[in-house]
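Just final37.txt here, compact mmCIF, C-alpha atoms and all ligand atoms:
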```txt
# COMPACT_ATOMS: atom_id res chain seq x y z
CA MET A 551 0.00 0.00 0.00
CA LEU A 552 1.36 3.44 -0.93
CA LEU A 553 -0.79 5.52 1.44
CA GLU A 554 -2.77 4.42 4.47
CA VAL A 555 -4.83 6.78 6.57
CA ARG A 556 -6.04 5.11 9.74
CA HIS A 557 -8.70 6.30 12.17
CA LEU A 558 -7.89 9.94 11.58
CA ASP A 559 -9.54 12.59 13.79
CA CYS A 560 -8.85 16.28 13.20
CA TYR A 561 -10.03 19.35 15.01
CA TYR A 562 -10.12 23.12 14.59
CA GLY A 563 -10.16 24.07 18.26
CA GLN A 564 -13.19 22.30 19.75
CA SER A 565 -14.74 21.63 16.38
CA GLN A 566 -14.11 18.19 14.89
CA ALA A 567 -13.53 18.38 11.13
CA LEU A 568 -12.49 14.76 10.44
CA LYS A 569 -13.98 11.71 12.14
CA GLU A 570 -12.44 8.23 12.02
CA ILE A 571 -11.18 8.62 8.45
CA ASN A 572 -9.78 5.49 6.82
CA ILE A 573 -8.35 5.66 3.30
CA GLU A 574 -6.06 3.44 1.30
CA VAL A 575 -4.29 4.29 -1.93
CA GLU A 576 -2.25 1.86 -3.97
CA GLU A 577 0.65 2.86 -6.17
CA GLY A 578 -0.58 3.96 -9.59
CA GLU A 579 -4.19 4.61 -8.61
CA CYS A 580 -6.18 7.77 -9.26
CA ILE A 581 -8.46 8.18 -6.26
CA CYS A 582 -11.09 10.86 -5.90
CA ILE A 583 -12.69 12.16 -2.76
CA LEU A 584 -16.11 13.63 -3.33
CA GLY A 585 -17.93 15.85 -0.93
CA ALA A 586 -19.93 19.02 -0.56
CA ASN A 587 -18.50 22.33 0.50
CA GLY A 588 -17.35 22.10 4.13
CA ALA A 589 -17.30 18.28 4.22
CA GLY A 590 -13.62 18.13 5.24
CA LYS A 591 -11.86 17.46 1.94
CA SER A 592 -9.22 20.18 2.22
CA THR A 593 -8.65 19.36 5.89
CA LEU A 594 -7.91 15.77 4.93
CA LEU A 595 -5.37 16.72 2.25
CA LYS A 596 -3.72 19.31 4.52
CA THR A 597 -3.39 16.72 7.26
CA ILE A 598 -1.79 14.17 4.92
CA ALA A 599 0.60 16.91 3.74
CA GLY A 600 1.56 17.63 7.36
CA LEU A 601 0.18 21.18 7.33
CA MET A 602 -2.24 20.19 10.08
CA LYS A 603 -1.65 17.68 12.84
CA PRO A 604 -4.31 15.08 13.59
CA ARG A 605 -5.52 14.63 17.16
CA ARG A 606 -5.82 10.88 16.71
CA GLY A 607 -4.95 8.37 14.05
CA GLU A 608 -2.02 7.56 11.81
CA ILE A 609 -0.82 8.26 8.28
CA TRP A 610 1.53 5.79 6.61
CA PHE A 611 3.31 6.28 3.29
CA THR A 612 5.53 3.63 1.68
CA GLY A 613 5.51 1.85 5.02
CA LYS A 614 6.76 4.91 6.94
CA ARG A 615 4.79 6.88 9.47
CA MET A 616 4.14 10.44 8.25
CA ASP A 617 1.83 12.12 10.74
CA GLU A 618 4.63 13.06 13.12
CA LEU A 619 6.89 14.51 10.44
CA PRO A 620 7.10 18.19 9.46
CA ALA A 621 5.54 19.21 6.14
CA TYR A 622 8.87 19.78 4.38
CA THR A 623 10.02 16.25 5.20
CA ILE A 624 6.75 14.84 3.89
CA VAL A 625 7.43 16.56 0.53
CA ARG A 626 10.88 14.94 0.47
CA GLU A 627 9.24 11.58 1.15
CA GLY A 628 7.22 12.04 -2.05
CA ILE A 629 3.88 13.63 -1.16
CA THR A 630 3.03 16.97 -2.77
CA LEU A 631 -0.15 18.97 -2.26
CA CYS A 632 -1.43 21.27 -4.95
CA PRO A 633 -3.62 23.44 -2.71
CA GLU A 634 -7.02 24.98 -3.24
CA ASP A 635 -5.84 28.60 -3.04
CA LYS A 636 -3.82 28.65 -6.21
CA LYS A 637 -1.06 30.89 -4.93
CA ILE A 638 1.41 31.94 -7.57
CA PHE A 639 4.02 34.68 -7.41
CA PRO A 640 2.48 37.13 -9.91
CA GLN A 641 5.56 39.29 -10.37
CA MET A 642 7.90 36.41 -11.01
CA SER A 643 8.20 34.68 -14.37
CA VAL A 644 6.40 31.43 -15.10
CA TYR A 645 9.82 29.77 -15.26
CA LYS A 646 10.80 31.02 -11.80
CA ASN A 647 7.47 30.00 -10.33
CA LEU A 648 8.08 26.49 -11.63
CA CYS A 649 11.62 26.38 -10.26
CA LEU A 650 10.28 27.15 -6.76
CA GLY A 651 8.54 23.79 -6.82
CA ALA A 652 11.91 22.08 -7.24
CA TRP A 653 13.39 23.29 -3.94
CA ILE A 654 13.90 19.75 -2.69
CA HIS A 655 16.38 19.20 -5.53
CA GLY A 656 18.66 22.05 -4.35
CA ARG A 657 21.25 22.74 -7.03
CA LYS A 658 20.72 19.59 -9.06
CA GLU A 659 20.44 21.56 -12.31
CA GLU A 660 20.09 18.50 -14.55
CA ARG A 661 17.21 17.18 -12.52
CA ILE A 662 15.45 20.54 -12.52
CA LYS A 663 15.94 20.89 -16.29
CA ALA A 664 14.51 17.44 -16.95
CA ASN A 665 11.51 18.20 -14.75
CA LEU A 666 10.93 21.50 -16.55
CA GLU A 667 10.92 19.69 -19.88
CA HIS A 668 8.38 17.24 -18.49
CA VAL A 669 6.11 20.06 -17.28
CA TYR A 670 6.46 21.96 -20.59
CA GLU A 671 5.51 18.80 -22.44
CA LEU A 672 2.35 18.43 -20.36
CA PHE A 673 1.52 22.14 -20.58
CA PRO A 674 3.01 23.58 -23.80
CA ILE A 675 1.40 26.95 -23.06
CA LEU A 676 3.68 27.32 -20.02
CA LYS A 677 6.70 26.93 -22.26
CA GLU A 678 5.39 29.63 -24.58
CA ARG A 679 4.86 31.92 -21.62
CA SER A 680 7.89 30.92 -19.58
CA ASP A 681 9.43 34.43 -19.52
CA GLN A 682 6.16 36.22 -18.81
CA ASP A 683 5.15 37.31 -15.33
CA ALA A 684 2.87 34.64 -13.85
CA GLY A 685 0.32 37.35 -13.01
CA THR A 686 -0.39 37.82 -16.72
CA LEU A 687 -1.66 34.23 -17.09
CA SER A 688 -5.37 33.40 -17.39
CA GLY A 689 -7.10 31.50 -14.56
CA GLY A 690 -6.73 28.20 -16.40
CA GLU A 691 -3.05 28.83 -17.13
CA GLN A 692 -2.44 29.68 -13.47
CA GLN A 693 -4.00 26.35 -12.53
CA MET A 694 -1.65 24.64 -14.99
CA LEU A 695 1.22 26.54 -13.39
CA VAL A 696 0.42 25.35 -9.86
CA ILE A 697 0.02 21.76 -11.03
CA GLY A 698 3.27 22.07 -12.99
CA ARG A 699 5.00 23.51 -9.94
CA SER A 700 3.79 20.56 -7.84
CA LEU A 701 5.32 18.17 -10.37
CA MET A 702 8.72 19.83 -10.09
CA SER A 703 9.32 17.92 -6.84
CA ASN A 704 8.77 14.53 -8.56
CA PRO A 705 5.96 13.45 -6.25
CA ARG A 706 5.09 9.80 -5.93
CA LEU A 707 1.70 10.94 -4.64
CA LEU A 708 0.22 14.11 -6.10
CA MET A 709 -2.73 15.51 -4.14
CA LEU A 710 -4.93 17.99 -5.97
CA ASP A 711 -7.44 20.14 -4.09
CA GLU A 712 -10.33 21.11 -6.39
CA PRO A 713 -8.34 21.75 -9.56
CA SER A 714 -11.52 22.65 -11.46
CA LEU A 715 -12.68 25.36 -9.06
CA GLY A 716 -13.60 28.60 -10.80
CA LEU A 717 -12.53 27.51 -14.27
CA ALA A 718 -14.50 27.55 -17.52
CA PRO A 719 -15.79 24.12 -18.68
CA MET A 720 -13.40 23.96 -21.66
CA VAL A 721 -10.43 24.59 -19.41
CA VAL A 722 -11.69 22.06 -16.87
CA ASN A 723 -11.72 19.40 -19.58
CA SER A 724 -8.16 20.08 -20.55
CA ILE A 725 -6.96 20.14 -16.91
CA PHE A 726 -8.61 16.76 -16.28
CA GLU A 727 -7.10 15.31 -19.44
CA THR A 728 -3.70 16.34 -18.15
CA ILE A 729 -4.32 14.87 -14.70
CA LYS A 730 -5.19 11.61 -16.45
CA GLU A 731 -1.96 11.84 -18.40
CA ILE A 732 0.07 12.53 -15.23
CA ASN A 733 -1.49 9.43 -13.67
CA ALA A 734 -0.80 7.39 -16.83
CA ARG A 735 2.85 8.37 -16.43
CA LYS A 736 2.89 6.56 -13.09
CA THR A 737 2.27 9.32 -10.58
CA THR A 738 -0.36 8.26 -8.06
CA VAL A 739 -3.11 10.87 -7.77
CA LEU A 740 -5.40 11.77 -4.87
CA LEU A 741 -7.98 14.19 -6.18
CA VAL A 742 -10.51 16.17 -4.19
CA GLU A 743 -13.46 17.56 -6.11
CA GLN A 744 -16.95 18.98 -5.95
CA ASN A 745 -17.14 18.34 -9.69
CA ALA A 746 -17.99 14.66 -9.26
CA SER A 747 -18.80 13.88 -12.87
CA MET A 748 -15.36 15.02 -14.05
CA ALA A 749 -13.53 13.37 -11.16
CA LEU A 750 -15.25 10.02 -11.67
CA LYS A 751 -14.29 10.06 -15.35
CA ILE A 752 -10.60 9.85 -14.54
CA ALA A 753 -10.60 8.14 -11.13
CA THR A 754 -10.26 4.42 -10.60
CA ARG A 755 -11.88 4.50 -7.16
CA GLY A 756 -13.44 7.03 -4.91
CA TYR A 757 -14.62 7.92 -1.44
CA VAL A 758 -17.49 10.13 -0.38
CA ILE A 759 -16.98 12.36 2.64
CA GLU A 760 -19.90 13.91 4.51
CA SER A 761 -19.53 16.09 7.61
CA GLY A 762 -16.02 14.80 8.20
CA ARG A 763 -16.87 11.11 7.83
CA ILE A 764 -16.31 8.67 4.95
CA THR A 765 -19.81 7.45 4.12
CA MET A 766 -19.18 5.57 0.91
CA ALA A 767 -16.34 3.93 -0.99
CA GLY A 768 -16.21 2.10 -4.29
CA THR A 769 -14.91 1.93 -7.82
CA ALA A 770 -15.69 4.91 -10.04
CA GLU A 771 -18.19 2.72 -11.86
CA GLU A 772 -19.99 1.79 -8.64
CA LEU A 773 -20.15 5.40 -7.48
CA LEU A 774 -21.45 6.60 -10.86
CA LYS A 775 -24.30 4.09 -10.61
CA ASN A 776 -25.10 4.81 -6.98
CA GLU A 777 -28.44 6.57 -6.52
CA LYS A 778 -27.27 8.68 -3.62
CA VAL A 779 -24.17 9.84 -5.49
CA LYS A 780 -26.26 10.59 -8.56
CA LYS A 781 -28.64 12.76 -6.56
CA ALA A 782 -26.19 14.51 -4.29
CA TYR A 783 -23.15 14.98 -6.53
CA LEU A 784 -24.07 14.38 -10.15
CA GLY A 785 -27.34 16.28 -10.23
CA ILE A 786 -29.19 13.46 -12.02
N1 LIG A 801 -9.18 27.37 9.61
C1 LIG A 801 -10.32 26.85 10.06
N2 LIG A 801 -10.77 27.13 11.30
C2 LIG A 801 -11.93 26.60 11.77
N3 LIG A 801 -12.72 25.78 11.07
C3 LIG A 801 -12.32 25.46 9.83
C4 LIG A 801 -11.11 25.97 9.26
N4 LIG A 801 -10.99 25.48 8.01
C5 LIG A 801 -12.06 24.70 7.81
N5 LIG A 801 -12.86 24.69 8.89
C6 LIG A 801 -14.11 23.92 9.04
O1 LIG A 801 -13.83 22.54 8.90
C7 LIG A 801 -14.82 21.90 8.12
C8 LIG A 801 -14.17 21.25 6.89
O2 LIG A 801 -13.61 22.27 6.06
P1 LIG A 801 -12.82 21.93 4.74
O3 LIG A 801 -11.87 20.84 5.01
O4 LIG A 801 -12.26 23.21 4.22
O5 LIG A 801 -13.99 21.41 3.78
P2 LIG A 801 -14.02 21.21 2.20
O6 LIG A 801 -12.64 21.32 1.68
O7 LIG A 801 -14.62 19.86 2.00
O8 LIG A 801 -14.90 22.29 1.66
C9 LIG A 801 -15.84 22.97 7.76
O9 LIG A 801 -16.89 22.88 8.68
C10 LIG A 801 -15.09 24.26 7.94
O10 LIG A 801 -15.95 25.31 8.29
MG MG A 802 -11.83 22.58 0.27
```

In structure tokens, what does this structure look like?
Amino acid sequence: MLLEVRHLDCYYGQSQALKEINIEVEEGECICILGANGAGKSTLLKTIAGLMKPRRGEIWFTGKRMDELPAYTIVREGITLCPEDKKIFPQMSVYKNLCLGAWIHGRKEERIKANLEHVYELFPILKERSDQDAGTLSGGEQQMLVIGRSLMSNPRLLMLDEPSLGLAPMVVNSIFETIKEINARKTTVLLVEQNASMALKIATRGYVIESGRITMAGTAEELLKNEKVKKAYLGI
């Protein structure tokens, strides 16, 4: 098992945001976590990334315990979070924004160059705009930039927090195609989405989270057929 989340409880002060969460991800999978606004999706990803500490429970990655490690060590272990608030540095070039994602590689220029080529291959528009200030990019291009930046650290597990949020449908399609491609190139993906129909198109399996609790789990096919999922998340 690549990632195992066991009996995870998380709190903001007195308020419990995650309750007894259990999740398993195998190497190579593309897993989606569906849930309404406020269900606890971002909290879960932040906790796996080490940005929040759980009150109870354990997180294991490649057989090592993660929940006691600082966030920067977790990145070195191979987990990268592409967060919901797509923070870029608007007055720095696209190229420099990408290089920031490669901090774990220090001065390994060859490695950084190879990663850049990989990102430019996935997102040719970023190559075209590499010398432009990142602030001049469209919303969709900025999303590509933050995903590209996450890939610069060569994650074994890439976690994406609502990559479709606020983007036009055409752009959403292309972002999801690229996530599928990233997964096909052997990066394991953990995707959090409110856009269930898109997420279930590329995911192999999924979980549903409601008020901090996992209430359903299954293959993408099973979830697509499930009446409750259809009503609550697919609008059909
Ligand atoms: N910084 C915070 N302080 C207090 N409560 C928070 C904070 N962030 C999120 N919450 C609460 O935790 C719950 C889960 O939030 P979140 O993980 O952001 O949900 P989602 O990503 O599924 O929309 C919500 O009830 C939310 O109001
Ligand atoms: Mg969220």

Original post:
Could you name the residues that touch region 712-719 of chain A at 12 Å or less, counting all atoms listed in the file, but leaving out those on the same chain fewer than 6 positions away, as a ChimeraX atom specification?
Top reply: /A:582-587,591-592,595,631-636,688-697,725-729,740-749

Just-selected residues, C-alpha atoms written as a PDB file, keeping the file's coordinate frame:
```pdb
ATOM      1  CA  CYS A 582     -11.090  10.860  -5.900  1.00  0.00           C
ATOM      2  CA  ILE A 583     -12.690  12.160  -2.760  1.00  0.00           C
ATOM      3  CA  LEU A 584     -16.110  13.630  -3.330  1.00  0.00           C
ATOM      4  CA  GLY A 585     -17.930  15.850  -0.930  1.00  0.00           C
ATOM      5  CA  ALA A 586     -19.930  19.020  -0.560  1.00  0.00           C
ATOM      6  CA  ASN A 587     -18.500  22.330   0.500  1.00  0.00           C
ATOM      7  CA  LYS A 591     -11.860  17.460   1.940  1.00  0.00           C
ATOM      8  CA  SER A 592      -9.220  20.180   2.220  1.00  0.00           C
ATOM      9  CA  LEU A 595      -5.370  16.720   2.250  1.00  0.00           C
ATOM     10  CA  LEU A 631      -0.150  18.970  -2.260  1.00  0.00           C
ATOM     11  CA  CYS A 632      -1.430  21.270  -4.950  1.00  0.00           C
ATOM     12  CA  PRO A 633      -3.620  23.440  -2.710  1.00  0.00           C
ATOM     13  CA  GLU A 634      -7.020  24.980  -3.240  1.00  0.00           C
ATOM     14  CA  ASP A 635      -5.840  28.600  -3.040  1.00  0.00           C
ATOM     15  CA  LYS A 636      -3.820  28.650  -6.210  1.00  0.00           C
ATOM     16  CA  SER A 688      -5.370  33.400 -17.390  1.00  0.00           C
ATOM     17  CA  GLY A 689      -7.100  31.500 -14.560  1.00  0.00           C
ATOM     18  CA  GLY A 690      -6.730  28.200 -16.400  1.00  0.00           C
ATOM     19  CA  GLU A 691      -3.050  28.830 -17.130  1.00  0.00           C
ATOM     20  CA  GLN A 692      -2.440  29.680 -13.470  1.00  0.00           C
ATOM     21  CA  GLN A 693      -4.000  26.350 -12.530  1.00  0.00           C
ATOM     22  CA  MET A 694      -1.650  24.640 -14.990  1.00  0.00           C
ATOM     23  CA  LEU A 695       1.220  26.540 -13.390  1.00  0.00           C
ATOM     24  CA  VAL A 696       0.420  25.350  -9.860  1.00  0.00           C
ATOM     25  CA  ILE A 697       0.020  21.760 -11.030  1.00  0.00           C
ATOM     26  CA  ILE A 725      -6.960  20.140 -16.910  1.00  0.00           C
ATOM     27  CA  PHE A 726      -8.610  16.760 -16.280  1.00  0.00           C
ATOM     28  CA  GLU A 727      -7.100  15.310 -19.440  1.00  0.00           C
ATOM     29  CA  THR A 728      -3.700  16.340 -18.150  1.00  0.00           C
ATOM     30  CA  ILE A 729      -4.320  14.870 -14.700  1.00  0.00           C
ATOM     31  CA  LEU A 740      -5.400  11.770  -4.870  1.00  0.00           C
ATOM     32  CA  LEU A 741      -7.980  14.190  -6.180  1.00  0.00           C
ATOM     33  CA  VAL A 742     -10.510  16.170  -4.190  1.00  0.00           C
ATOM     34  CA  GLU A 743     -13.460  17.560  -6.110  1.00  0.00           C
ATOM     35  CA  GLN A 744     -16.950  18.980  -5.950  1.00  0.00           C
ATOM     36  CA  ASN A 745     -17.140  18.340  -9.690  1.00  0.00           C
ATOM     37  CA  ALA A 746     -17.990  14.660  -9.260  1.00  0.00           C
ATOM     38  CA  SER A 747     -18.800  13.880 -12.870  1.00  0.00           C
ATOM     39  CA  MET A 748     -15.360  15.020 -14.050  1.00  0.00           C
ATOM     40  CA  ALA A 749     -13.530  13.370 -11.160  1.00  0.00           C
TER      41      ALA A 749
END
```

Mind dumping a table of every region 698-747 of chain A residue within 8 Å of region 660-679 of chain A, with the nearest atom pair and its distance in Å to one decimal, using only C-alpha atoms, sorted by chain and rising number, as CSV?
```
residue,atom,partner,partner_atom,distance
A:Gly698,CA,A:Val669,CA,5.5
A:Leu701,CA,A:Val669,CA,7.2
A:Met702,CA,A:Asn665,CA,5.7
A:Asn704,CA,A:Asn665,CA,7.7
A:Thr728,CA,A:Leu672,CA,6.8
```

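Residues in contact with Leu707 (chain A) at 8 Å, where only C-alpha atoms are counted and same-chain residues fewer than 3 positions away are skipped, are listed as Gly628, Ile629, Thr630, Thr737, Thr738, Val739 and Leu740 of chain A.
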
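Here the question is which of A:Arg706, A:Asn647, A:Ile759, A:Glu659 gets nearest to ligand MG 802 (chain A) using all atoms listed in the file, and that residue is A:Ile759.
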
Original post:
So which one's closest to ligand LIG 801 (chain A), A:Leu568, A:Leu750, A:Val625, A:Met551? Using all atoms listed in the file, please.
Top reply: A:Leu568

Original post:
For ligand LIG 801 (chain A), which residue out of A:Thr754, A:Thr593, A:Asn572, A:Thr612 is the nearest one, using all atoms listed in the file?
Top reply: A:Thr593

**OP:** Identify the residues around (8.2, 34.6, -12.9) within a radius of 10 Å, measuring from all atoms listed in the file in the coordinates stated by the file, and give them as a PyMOL selection string.
**Re:** chain A and resi 638-650+679-686

Centre, x/y/z edge lengths, axis-aligned box for region 582-591 of chain A with 8 Å per side, as AutoDock Vina command-line options:
```
--center_x -15.5 --center_y 16.6 --center_z -0.3 --size_x 24.8 --size_y 27.5 --size_z 27.1
```

Subject >> Atom pair CA of Gly588 (chain A) / CA of Ala782 (chain A): separation (Å) >> reply: 14.4 Å

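Remark: for ligand LIG 801 (chain A), the closest of the candidate residues A:Ile624, A:Ile654, A:Ile764, A:Val722 is A:Ile764 (distances computed over all atoms listed in the file).
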
**OP:** May I ask which of the residues A:Cys580, A:Cys560, A:Ile732, A:Ile571 is the closest one to Lys603 (chain A), counting all atoms listed in the file?
**Re:**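 That would be A:Cys560, the residue with the smallest distance to Lys603 (chain A).
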
Original post:
Which value, in Å to one decimal, gives the distance between CA of Glu760 (chain A) and atom O7 of ligand LIG 801 (chain A)?
Top reply: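 For CA of Glu760 (chain A) relative to atom O7 of ligand LIG 801 (chain A), the distance reads 8.3 Å.
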
Original post:
Near Gly600 (chain A), within 7 Å and counting only C-alpha atoms, which residues show up once chain neighbours fewer than 3 positions away are dropped, as a PyMOL selection string?
Top reply: chain A and resi 596-597+603+617+619-621+624

**OP:** Check the smallest atom-to-atom distance from each of A:Gly578, A:Gly590, A:Pro604, A:Gly563 to ligand LIG 801 (chain A) using all atoms listed in the file, then report the winner.
**Re:**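 That would be A:Gly590, the residue with the smallest distance to ligand LIG 801 (chain A).
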
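When CA of Val555 (chain A) is paired with CA of Val575 (chain A), their separation reads 8.9 Å.
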
Using N, CA and C atoms, give me region 604-617 of chain A from the structure I just pasted, as a PDB file, in the first residue's frame.
```
ATOM      1  N   PRO A 604      -3.095  15.751  13.125  1.00  0.00           N
ATOM      2  CA  PRO A 604      -4.312  15.083  13.593  1.00  0.00           C
ATOM      3  C   PRO A 604      -4.303  14.952  15.115  1.00  0.00           C
ATOM      4  N   ARG A 605      -5.473  14.858  15.710  1.00  0.00           N
ATOM      5  CA  ARG A 605      -5.523  14.628  17.156  1.00  0.00           C
ATOM      6  C   ARG A 605      -5.370  13.142  17.459  1.00  0.00           C
ATOM      7  N   ARG A 606      -5.958  12.330  16.573  1.00  0.00           N
ATOM      8  CA  ARG A 606      -5.820  10.879  16.712  1.00  0.00           C
ATOM      9  C   ARG A 606      -5.635  10.269  15.331  1.00  0.00           C
ATOM     10  N   GLY A 607      -5.081   9.087  15.310  1.00  0.00           N
ATOM     11  CA  GLY A 607      -4.947   8.370  14.050  1.00  0.00           C
ATOM     12  C   GLY A 607      -3.537   8.406  13.492  1.00  0.00           C
ATOM     13  N   GLU A 608      -3.354   7.703  12.387  1.00  0.00           N
ATOM     14  CA  GLU A 608      -2.022   7.558  11.809  1.00  0.00           C
ATOM     15  C   GLU A 608      -2.084   7.710  10.292  1.00  0.00           C
ATOM     16  N   ILE A 609      -0.969   8.184   9.733  1.00  0.00           N
ATOM     17  CA  ILE A 609      -0.821   8.258   8.277  1.00  0.00           C
ATOM     18  C   ILE A 609       0.476   7.557   7.904  1.00  0.00           C
ATOM     19  N   TRP A 610       0.363   6.554   7.036  1.00  0.00           N
ATOM     20  CA  TRP A 610       1.535   5.790   6.608  1.00  0.00           C
ATOM     21  C   TRP A 610       1.729   5.956   5.121  1.00  0.00           C
ATOM     22  N   PHE A 611       2.983   6.121   4.703  1.00  0.00           N
ATOM     23  CA  PHE A 611       3.306   6.276   3.286  1.00  0.00           C
ATOM     24  C   PHE A 611       4.548   5.450   2.994  1.00  0.00           C
ATOM     25  N   THR A 612       4.454   4.581   2.013  1.00  0.00           N
ATOM     26  CA  THR A 612       5.533   3.630   1.683  1.00  0.00           C
ATOM     27  C   THR A 612       6.056   2.927   2.944  1.00  0.00           C
ATOM     28  N   GLY A 613       5.129   2.580   3.824  1.00  0.00           N
ATOM     29  CA  GLY A 613       5.513   1.854   5.021  1.00  0.00           C
ATOM     30  C   GLY A 613       6.133   2.701   6.120  1.00  0.00           C
ATOM     31  N   LYS A 614       6.201   4.029   5.905  1.00  0.00           N
ATOM     32  CA  LYS A 614       6.762   4.907   6.944  1.00  0.00           C
ATOM     33  C   LYS A 614       5.657   5.763   7.535  1.00  0.00           C
ATOM     34  N   ARG A 615       5.792   6.045   8.820  1.00  0.00           N
ATOM     35  CA  ARG A 615       4.792   6.879   9.468  1.00  0.00           C
ATOM     36  C   ARG A 615       5.047   8.349   9.158  1.00  0.00           C
ATOM     37  N   MET A 616       3.996   9.067   8.711  1.00  0.00           N
ATOM     38  CA  MET A 616       4.138  10.443   8.252  1.00  0.00           C
ATOM     39  C   MET A 616       3.585  11.483   9.227  1.00  0.00           C
ATOM     40  N   ASP A 617       2.593  11.083  10.042  1.00  0.00           N
ATOM     41  CA  ASP A 617       1.828  12.121  10.743  1.00  0.00           C
ATOM     42  C   ASP A 617       2.626  12.854  11.812  1.00  0.00           C
TER      43      ASP A 617
END
```
